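Text of the file input36.pdb, holding PDB, C-alpha atoms and all ligand atoms:
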ATOM      1  CA  MET A 203      48.747   6.371 -52.952
ATOM      2  CA  CYS A 204      46.980   6.975 -49.727
ATOM      3  CA  MET A 205      43.415   8.118 -49.568
ATOM      4  CA  ALA A 206      41.108   7.991 -46.643
ATOM      5  CA  SER A 207      37.736   9.124 -45.543
ATOM      6  CA  GLN A 208      35.768   9.540 -42.425
ATOM      7  CA  TRP A 209      32.156   9.338 -41.464
ATOM      8  CA  ARG A 210      31.434  12.036 -38.945
ATOM      9  CA  GLY A 211      27.822  11.106 -38.360
ATOM     10  CA  GLY A 212      24.816  13.362 -38.420
ATOM     11  CA  PRO A 213      23.915  15.261 -41.538
ATOM     12  CA  LEU A 214      27.508  15.881 -42.541
ATOM     13  CA  PHE A 215      29.691  13.439 -44.341
ATOM     14  CA  VAL A 216      33.160  13.793 -45.500
ATOM     15  CA  ILE A 217      35.111  12.456 -48.399
ATOM     16  CA  LEU A 218      38.743  12.927 -47.752
ATOM     17  CA  THR A 219      41.505  12.466 -50.211
ATOM     18  CA  LEU A 220      45.149  12.440 -49.395
ATOM     19  CA  LEU A 221      47.866  12.440 -51.945
ATOM     20  CA  SER A 222      50.963  10.354 -51.725
ATOM     21  CA  LEU A 223      54.398  11.352 -52.827
ATOM     22  CA  SER A 224      54.326   8.952 -55.750
ATOM     23  CA  LEU A 225      51.059  10.322 -57.081
ATOM     24  CA  ALA A 226      52.547  13.818 -57.003
ATOM     25  CA  TYR A 227      55.215  12.558 -59.374
ATOM     26  CA  ALA A 228      52.559  11.911 -61.975
ATOM     27  CA  GLU A 229      52.394  15.670 -62.427
ATOM     28  CA  THR A 230      55.804  15.820 -63.991
ATOM     29  CA  GLY A 231      54.461  14.149 -67.121
ATOM     30  CA  SER A 232      53.349  16.028 -70.196
ATOM     31  CA  PRO A 233      50.334  18.301 -69.729
ATOM     32  CA  ASP A 234      46.935  16.892 -70.520
ATOM     33  CA  ARG A 235      45.741  18.832 -73.536
ATOM     34  CA  ARG A 236      42.159  17.794 -72.956
ATOM     35  CA  ALA A 237      41.946  20.469 -70.279
ATOM     36  CA  ALA A 238      41.438  23.095 -72.962
ATOM     37  CA  GLY A 239      37.809  22.151 -73.470
ATOM     38  CA  SER A 240      35.905  24.179 -76.013
ATOM     39  CA  THR A 241      33.265  25.248 -73.510
ATOM     40  CA  GLU A 242      35.781  26.379 -70.928
ATOM     41  CA  SER A 243      36.208  29.950 -72.120
ATOM     42  CA  SER A 244      32.445  30.454 -72.105
ATOM     43  CA  VAL A 245      32.269  30.025 -68.310
ATOM     44  CA  GLU A 246      31.894  33.474 -66.827
ATOM     45  CA  VAL A 247      33.993  34.097 -63.711
ATOM     46  CA  ARG A 248      33.267  37.039 -61.402
ATOM     47  CA  HIS A 249      35.890  38.291 -58.979
ATOM     48  CA  LEU A 250      34.277  39.592 -55.792
ATOM     49  CA  GLN A 251      35.492  41.676 -52.853
ATOM     50  CA  GLU A 252      37.977  40.102 -50.478
ATOM     51  CA  GLN A 253      36.543  38.496 -47.360
ATOM     52  CA  ASP A 254      38.610  37.994 -44.195
ATOM     53  CA  GLY A 255      41.850  37.926 -46.123
ATOM     54  CA  TRP A 256      40.538  35.569 -48.807
ATOM     55  CA  ARG A 257      40.127  36.444 -52.448
ATOM     56  CA  VAL A 258      36.715  35.353 -53.680
ATOM     57  CA  ALA A 259      35.540  34.475 -57.165
ATOM     58  CA  GLU A 260      32.469  32.685 -58.439
ATOM     59  CA  THR A 261      30.700  31.076 -61.352
ATOM     60  CA  VAL A 262      27.109  29.915 -61.687
ATOM     61  CA  ASN A 263      27.562  26.829 -59.483
ATOM     62  CA  PHE A 264      30.756  27.447 -57.497
ATOM     63  CA  ARG A 265      32.229  30.076 -55.192
ATOM     64  CA  LEU A 266      35.983  29.897 -54.644
ATOM     65  CA  TRP A 267      37.976  31.250 -51.697
ATOM     66  CA  HIS A 268      41.688  31.470 -52.479
ATOM     67  CA  GLN A 269      44.936  33.354 -52.012
ATOM     68  CA  HIS A 270      46.257  32.931 -55.525
ATOM     69  CA  SER A 271      46.243  34.753 -58.857
ATOM     70  CA  HIS A 272      43.091  35.620 -60.722
ATOM     71  CA  SER A 273      44.178  33.365 -63.571
ATOM     72  CA  LEU A 274      44.562  30.305 -61.310
ATOM     73  CA  ALA A 275      41.231  31.052 -59.667
ATOM     74  CA  GLU A 276      39.607  31.190 -63.084
ATOM     75  CA  ALA A 277      41.247  27.920 -64.112
ATOM     76  CA  VAL A 278      40.008  26.196 -60.942
ATOM     77  CA  LEU A 279      36.466  27.468 -61.411
ATOM     78  CA  ARG A 280      36.353  26.564 -65.081
ATOM     79  CA  THR A 281      37.692  23.083 -64.307
ATOM     80  CA  ALA A 282      35.012  22.732 -61.634
ATOM     81  CA  GLU A 283      32.186  23.843 -63.932
ATOM     82  CA  ARG A 284      33.426  21.657 -66.770
ATOM     83  CA  THR A 285      33.752  18.631 -64.485
ATOM     84  CA  ARG A 286      30.287  19.178 -63.037
ATOM     85  CA  ALA A 287      28.709  19.349 -66.502
ATOM     86  CA  THR A 288      30.710  16.397 -67.819
ATOM     87  CA  GLN A 289      29.964  14.130 -64.873
ATOM     88  CA  LEU A 290      26.252  14.979 -64.751
ATOM     89  CA  ARG A 291      25.955  14.199 -68.435
ATOM     90  CA  LYS A 292      28.077  11.071 -68.221
ATOM     91  CA  TRP A 293      26.404   9.308 -65.290
ATOM     92  CA  PHE A 294      22.890  10.751 -65.355
ATOM     93  CA  GLY A 295      22.389  11.995 -68.909
ATOM     94  CA  GLU A 296      21.333  15.426 -67.788
ATOM     95  CA  ILE A 297      22.702  18.909 -67.171
ATOM     96  CA  GLY A 298      21.102  19.142 -63.744
ATOM     97  CA  VAL A 299      19.637  22.098 -61.941
ATOM     98  CA  ARG A 300      21.755  24.995 -60.742
ATOM     99  CA  TRP A 301      23.357  24.355 -57.363
ATOM    100  CA  GLU A 302      21.803  26.603 -54.759
ATOM    101  CA  PRO A 303      23.642  27.375 -52.592
ATOM    102  CA  LYS A 304      26.718  27.274 -54.748
ATOM    103  CA  CYS A 305      29.327  24.614 -54.024
ATOM    104  CA  ARG A 306      32.125  26.211 -51.986
ATOM    105  CA  ILE A 307      35.723  25.543 -52.905
ATOM    106  CA  TYR A 308      38.585  26.516 -50.594
ATOM    107  CA  LEU A 309      41.991  26.533 -52.254
ATOM    108  CA  TYR A 310      44.615  26.709 -49.501
ATOM    109  CA  ALA A 311      47.971  28.397 -49.882
ATOM    110  CA  SER A 312      49.864  25.804 -47.858
ATOM    111  CA  GLY A 313      49.635  22.300 -46.510
ATOM    112  CA  GLU A 314      49.576  23.735 -42.997
ATOM    113  CA  ASP A 315      46.511  25.846 -43.779
ATOM    114  CA  TYR A 316      44.796  22.884 -45.424
ATOM    115  CA  GLY A 317      45.632  20.612 -42.508
ATOM    116  CA  ALA A 318      44.404  23.169 -39.972
ATOM    117  CA  ALA A 319      41.085  23.541 -41.791
ATOM    118  CA  THR A 320      40.402  19.874 -42.494
ATOM    119  CA  GLY A 321      42.324  18.003 -39.823
ATOM    120  CA  ALA A 322      43.948  15.965 -42.572
ATOM    121  CA  PRO A 323      47.644  15.221 -42.693
ATOM    122  CA  VAL A 324      49.036  16.530 -45.936
ATOM    123  CA  GLN A 325      52.374  16.388 -47.679
ATOM    124  CA  TRP A 326      52.056  17.214 -51.351
ATOM    125  CA  GLY A 327      48.424  18.033 -51.763
ATOM    126  CA  GLY A 328      45.001  16.743 -51.055
ATOM    127  CA  GLY A 329      41.289  17.192 -51.341
ATOM    128  CA  HIS A 330      38.296  16.764 -49.121
ATOM    129  CA  THR A 331      34.584  17.161 -49.754
ATOM    130  CA  ASP A 332      31.883  17.860 -47.170
ATOM    131  CA  ILE A 333      28.268  17.131 -48.067
ATOM    132  CA  ARG A 334      25.415  18.420 -45.928
ATOM    133  CA  THR A 335      22.037  16.748 -46.167
ATOM    134  CA  ALA A 336      18.595  17.290 -44.682
ATOM    135  CA  ASP A 337      15.839  14.710 -45.069
ATOM    136  CA  GLY A 338      17.987  12.863 -47.581
ATOM    137  CA  ARG A 339      18.411  15.939 -49.749
ATOM    138  CA  VAL A 340      21.774  17.583 -50.387
ATOM    139  CA  ILE A 341      21.688  21.121 -49.009
ATOM    140  CA  GLY A 342      25.362  22.052 -49.093
ATOM    141  CA  ARG A 343      28.642  21.091 -50.737
ATOM    142  CA  SER A 344      32.123  22.246 -49.685
ATOM    143  CA  ILE A 345      35.424  21.229 -51.245
ATOM    144  CA  HIS A 346      38.825  21.840 -49.662
ATOM    145  CA  VAL A 347      41.914  21.512 -51.839
ATOM    146  CA  TYR A 348      45.618  22.098 -51.685
ATOM    147  CA  GLY A 349      48.488  21.192 -53.985
ATOM    148  CA  SER A 350      50.495  22.165 -57.005
ATOM    149  CA  GLN A 351      48.646  23.791 -59.877
ATOM    150  CA  THR A 352      48.855  20.655 -62.003
ATOM    151  CA  PHE A 353      47.664  18.381 -59.232
ATOM    152  CA  VAL A 354      44.794  20.690 -58.353
ATOM    153  CA  LEU A 355      43.599  21.130 -61.934
ATOM    154  CA  LYS A 356      44.218  17.588 -63.243
ATOM    155  CA  GLY A 357      43.555  15.507 -60.173
ATOM    156  CA  VAL A 358      41.961  16.864 -57.077
ATOM    157  CA  VAL A 359      39.387  19.333 -58.416
ATOM    158  CA  PRO A 360      37.912  16.899 -60.975
ATOM    159  CA  HIS A 361      37.946  14.171 -58.310
ATOM    160  CA  GLU A 362      36.277  16.176 -55.555
ATOM    161  CA  VAL A 363      33.748  17.883 -57.846
ATOM    162  CA  THR A 364      32.688  14.403 -58.983
ATOM    163  CA  HIS A 365      32.008  13.465 -55.354
ATOM    164  CA  ALA A 366      29.905  16.639 -55.102
ATOM    165  CA  VAL A 367      27.983  15.652 -58.252
ATOM    166  CA  LEU A 368      27.324  12.079 -57.078
ATOM    167  CA  ALA A 369      26.208  13.028 -53.567
ATOM    168  CA  GLY A 370      22.576  12.111 -53.010
ATOM    169  CA  ARG A 371      22.241  10.534 -56.451
ATOM    170  CA  LEU A 372      23.069   6.860 -55.835
ATOM    171  CA  GLY A 373      20.984   5.313 -53.122
ATOM    172  CA  ASN A 374      19.236   6.849 -50.173
ATOM    173  CA  GLY A 375      22.235   7.718 -48.075
ATOM    174  CA  ARG A 376      25.895   8.045 -48.683
ATOM    175  CA  VAL A 377      27.136   6.970 -52.107
ATOM    176  CA  PRO A 378      28.772   3.527 -51.693
ATOM    177  CA  ARG A 379      32.464   4.134 -51.276
ATOM    178  CA  TRP A 380      33.764   1.854 -54.027
ATOM    179  CA  ALA A 381      31.509   3.485 -56.627
ATOM    180  CA  ASP A 382      32.081   7.006 -55.309
ATOM    181  CA  GLU A 383      35.862   6.657 -55.414
ATOM    182  CA  GLY A 384      35.994   4.703 -58.661
ATOM    183  CA  MET A 385      33.805   7.236 -60.459
ATOM    184  CA  ALA A 386      35.740  10.186 -58.977
ATOM    185  CA  ILE A 387      39.111   8.755 -59.987
ATOM    186  CA  LEU A 388      37.856   8.235 -63.546
ATOM    187  CA  ALA A 389      37.319  12.026 -63.713
ATOM    188  CA  GLU A 390      41.037  12.628 -63.179
ATOM    189  CA  ALA A 391      43.546  13.047 -65.993
ATOM    190  CA  PRO A 392      44.835   9.770 -67.511
ATOM    191  CA  ALA A 393      48.282  10.019 -65.878
ATOM    192  CA  HIS A 394      46.625  10.285 -62.474
ATOM    193  CA  ILE A 395      44.315   7.340 -63.149
ATOM    194  CA  ALA A 396      47.323   5.289 -64.179
ATOM    195  CA  MET A 397      49.032   6.064 -60.881
ATOM    196  CA  HIS A 398      46.070   4.668 -58.971
ATOM    197  CA  LEU A 399      46.230   1.466 -61.029
ATOM    198  CA  ARG A 400      49.964   0.919 -61.057
ATOM    199  CA  PHE A 401      50.179  -1.755 -58.349
ATOM    200  CA  LEU A 402      47.042  -3.639 -59.322
ATOM    201  CA  PRO A 403      48.900  -6.417 -61.215
ATOM    202  CA  ARG A 404      51.192  -6.971 -58.237
ATOM    203  CA  TRP A 405      48.260  -7.246 -55.847
ATOM    204  CA  HIS A 406      46.623  -9.652 -58.265
ATOM    205  CA  ALA A 407      49.777 -11.786 -58.303
ATOM    206  CA  ASP A 408      49.892 -11.657 -54.498
ATOM    207  CA  ASP A 409      46.234 -12.692 -54.286
ATOM    208  CA  ALA A 410      45.556  -9.515 -52.285
ATOM    209  CA  LEU A 411      42.459  -8.355 -54.187
ATOM    210  CA  TYR A 412      38.920  -8.448 -52.879
ATOM    211  CA  PRO A 413      36.302 -10.785 -54.299
ATOM    212  CA  THR A 414      34.131  -8.325 -56.259
ATOM    213  CA  ARG A 415      31.143  -9.111 -54.060
ATOM    214  CA  THR A 416      33.086  -8.146 -50.940
ATOM    215  CA  LEU A 417      34.167  -4.890 -52.555
ATOM    216  CA  VAL A 418      30.744  -3.730 -53.718
ATOM    217  CA  GLU A 419      29.034  -4.746 -50.485
ATOM    218  CA  MET A 420      31.547  -2.950 -48.226
ATOM    219  CA  ARG A 421      29.787  -0.298 -46.173
ATOM    220  CA  ASP A 422      32.814   1.894 -45.638
ATOM    221  CA  TYR A 423      36.488   2.194 -46.409
ATOM    222  CA  PRO A 424      38.772  -0.658 -45.339
ATOM    223  CA  GLU A 425      41.560  -0.319 -42.826
ATOM    224  CA  PRO A 426      44.261   2.162 -43.879
ATOM    225  CA  HIS A 427      46.699  -0.574 -44.946
ATOM    226  CA  ALA A 428      44.168  -1.826 -47.526
ATOM    227  CA  LEU A 429      43.252   1.550 -49.016
ATOM    228  CA  GLY A 430      45.605   1.217 -51.963
ATOM    229  CA  VAL A 431      43.997  -2.054 -53.051
ATOM    230  CA  PHE A 432      40.549  -0.621 -52.408
ATOM    231  CA  TYR A 433      41.056   2.445 -54.595
ATOM    232  CA  ALA A 434      42.804   0.607 -57.396
ATOM    233  CA  GLN A 435      40.287  -2.217 -57.571
ATOM    234  CA  SER A 436      37.361   0.195 -57.296
ATOM    235  CA  VAL A 437      38.448   2.321 -60.242
ATOM    236  CA  SER A 438      39.255  -0.760 -62.299
ATOM    237  CA  LEU A 439      35.878  -2.355 -61.583
ATOM    238  CA  VAL A 440      33.914   0.842 -62.273
ATOM    239  CA  GLU A 441      35.800   1.303 -65.517
ATOM    240  CA  PHE A 442      35.131  -2.313 -66.521
ATOM    241  CA  LEU A 443      31.410  -2.173 -65.766
ATOM    242  CA  THR A 444      31.049   1.222 -67.450
ATOM    243  CA  ARG A 445      32.645  -0.247 -70.541
ATOM    244  CA  GLN A 446      30.020  -2.993 -70.726
ATOM    245  CA  LYS A 447      26.802  -1.020 -71.024
ATOM    246  CA  GLY A 448      27.706   2.597 -70.540
ATOM    247  CA  ALA A 449      27.911   5.017 -67.645
ATOM    248  CA  GLU A 450      24.195   5.613 -67.135
ATOM    249  CA  ARG A 451      23.546   1.883 -66.880
ATOM    250  CA  PHE A 452      26.332   1.632 -64.313
ATOM    251  CA  ALA A 453      24.728   4.388 -62.225
ATOM    252  CA  ALA A 454      21.380   2.557 -62.445
ATOM    253  CA  PHE A 455      23.111  -0.657 -61.318
ATOM    254  CA  VAL A 456      24.464   1.088 -58.213
ATOM    255  CA  ARG A 457      21.090   2.655 -57.410
ATOM    256  CA  ASP A 458      19.392  -0.735 -57.724
ATOM    257  CA  GLY A 459      22.181  -2.431 -55.798
ATOM    258  CA  GLU A 460      21.710  -0.078 -52.883
ATOM    259  CA  ARG A 461      17.971  -0.630 -52.943
ATOM    260  CA  ASN A 462      17.577  -4.348 -53.697
ATOM    261  CA  GLY A 463      21.004  -5.836 -53.136
ATOM    262  CA  TYR A 464      23.888  -6.151 -55.562
ATOM    263  CA  ALA A 465      23.354  -9.779 -56.540
ATOM    264  CA  ALA A 466      19.901  -8.941 -57.937
ATOM    265  CA  ALA A 467      21.122  -5.706 -59.510
ATOM    266  CA  LEU A 468      24.050  -7.483 -61.142
ATOM    267  CA  HIS A 469      21.753 -10.074 -62.674
ATOM    268  CA  LYS A 470      19.241  -7.453 -63.805
ATOM    269  CA  HIS A 471      21.691  -5.059 -65.444
ATOM    270  CA  TYR A 472      24.506  -7.340 -66.608
ATOM    271  CA  GLY A 473      23.032 -10.852 -66.553
ATOM    272  CA  TRP A 474      25.828 -12.181 -64.346
ATOM    273  CA  ASN A 475      26.330 -13.627 -60.890
ATOM    274  CA  PHE A 476      29.314 -12.553 -58.820
ATOM    275  CA  ALA A 477      31.478 -15.497 -59.898
ATOM    276  CA  GLU A 478      30.945 -14.456 -63.502
ATOM    277  CA  LEU A 479      31.691 -10.809 -62.697
ATOM    278  CA  ASP A 480      34.895 -11.841 -60.925
ATOM    279  CA  ARG A 481      36.008 -13.955 -63.845
ATOM    280  CA  ARG A 482      35.222 -11.330 -66.488
ATOM    281  CA  TRP A 483      36.671  -8.390 -64.554
ATOM    282  CA  ARG A 484      39.938 -10.225 -63.890
ATOM    283  CA  GLN A 485      40.157 -11.264 -67.518
ATOM    284  CA  HIS A 486      39.729  -7.614 -68.522
ATOM    285  CA  ALA A 487      42.039  -6.144 -65.899
ATOM    286  CA  PHE A 488      44.931  -8.559 -66.192
ATOM    287  CA  TYR A 489      44.776 -10.367 -69.516
ATOM    288  CA  GLU A 490      43.534  -7.791 -72.001
ATOM    289  CA  LYS A 491      46.074  -5.495 -73.529
ATOM    290  CA  ASN A 492      44.363  -2.123 -73.158
ATOM    291  CA  ALA A 493      42.937  -2.583 -69.682
ATOM    292  CA  ALA A 494      45.355  -0.161 -68.046
ATOM    293  CA  GLU A 495      44.259   2.701 -70.260
ATOM    294  CA  PRO A 496      40.767   3.686 -69.250
ATOM    295  CA  THR A 497      38.933   5.518 -71.987
ATOM    296  CA  SER A 498      36.255   6.979 -69.817
ATOM    297  CA  GLY A 499      38.170   9.714 -68.015
ATOM    298  CA  GLY A 500      35.975  12.749 -67.709
ATOM    299  CA  GLY A 501      38.639  15.265 -66.654
TER     300      GLY A 501
HETATM  301 ZN    ZN A 601      37.678  10.607 -53.257
END

Let me see whether you can do it: turn the structure in this file into structure tokens.
Ligand SMILES: [Zn+2]
Amino acid sequence: MCMASQWRGGPLFVILTLLSLSLAYAETGSPDRRAAGSTESSVEVRHLQEQDGWRVAETVNFRLWHQHSHSLAEAVLRTAERTRATQLRKWFGEIGVRWEPKCRIYLYASGEDYGAATGAPVQWGGGHTDIRTADGRVIGRSIHVYGSQTFVLKGVVPHEVTHAVLAGRLGNGRVPRWADEGMAILAEAPAHIAMHLRFLPRWHADDALYPTRTLVEMRDYPEPHALGVFYAQSVSLVEFLTRQKGAERFAAFVRDGERNGYAAALHKHYGWNFAELDRRWRQHAFYEKNAAEPTSGGG
């Protein structure tokens, strides 16, 4: 697993996701039947005129540029709409207002095209979200994706759309990375979540994990060599805290943490100090039987 992100400064920030070879292997598992959500067929997709060699299709909140079949375009857009609705409801208890302008999604035909557009190295697939803000308000969302159909529909689109949903909602500036990535990974299909978590027990045994306070107070991603630990521990910690008092309480904890500091927010929302959080999270992650099977996937 290798994911990275960059801060480009100014009003634009970027959430970049790269996919490793091993994560791509998760796609060979059995299909996730949850994708056939009951509301999916009710999402209306319009196919528009081609623009500059791109096929274009749209729904209420998304406009997709692609070079694929109509059926794949419809599946991508319906996954995006479903993820948006699910994640808004899950973390904020609301359906939200229509995105204007629509969130753009670019589905590239090849890794070369994706790399040329995003500057990201890519092997098997990847995703990348740009958020534009003005005066602290989100004024534009763009998602760039590339990969196999399964990876795109089960992993990268739910992940990146979740970043687009969270943008501007947790704190005054950029969503804290650990929460942003942990929440986005929880939107992926279970097999993909499991791939993120697979080395966590080894890192625990090697004493390579972060103290939880260090993780939640990090201002940006760690060095590339530590990204695997960062992603795995982030998703595990978000899942653990969400389990305690629900997703909306977790979102409130992050908002308060960004505003008043995480020690105060942790005490207010969970009644713990960081030593207690560390102890309880590790107990959950490494000594409880069902810890590796998150139940809160929103994909
Ligand atoms: Zn991400």

Within 6 Å of file point (42.3, 13.8, -65.4), counting all atoms listed in the file, expressed as a short mmCIF file (atom, residue, chain, number, x, y, z; two decimals) with C-alpha atoms, in the frame of the given file:
data_model
loop_
_atom_site.label_atom_id
_atom_site.label_comp_id
_atom_site.auth_asym_id
_atom_site.auth_seq_id
_atom_site.Cartn_x
_atom_site.Cartn_y
_atom_site.Cartn_z
CA LYS A 356 44.22 17.59 -63.24
CA GLY A 357 43.56 15.51 -60.17
CA ALA A 389 37.32 12.03 -63.71
CA GLU A 390 41.04 12.63 -63.18
CA ALA A 391 43.55 13.05 -65.99
CA PRO A 392 44.84 9.77 -67.51
CA GLY A 501 38.64 15.26 -66.65
#

Evaluate the PyMOL selection byres (((chain A and resi 413) around 12) and not hetatm) and report residues as a ChimeraX atom specification: /A:406,409-412,414-420,431-432,435-436,439,476-481,483-484

Name the closest residue to A:Leu309 among the candidates A:Tyr348, A:Phe488, A:Phe442, A:Trp256; distances are taken between atoms, counting all atoms listed in the file. A:Tyr348

Provide an axis-aligned box for all listed atoms of stretch 297-309 of chain A, padding each side by 6 Å; report its centre and its edge lengths in Å to one decimal, as AutoDock Vina command-line options.
--center_x 30.8 --center_y 23.1 --center_z -58.9 --size_x 34.4 --size_y 20.5 --size_z 28.6

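Note that atom CA of A:Ala282 and atom CA of A:Glu383 are 17.3 Å apart.
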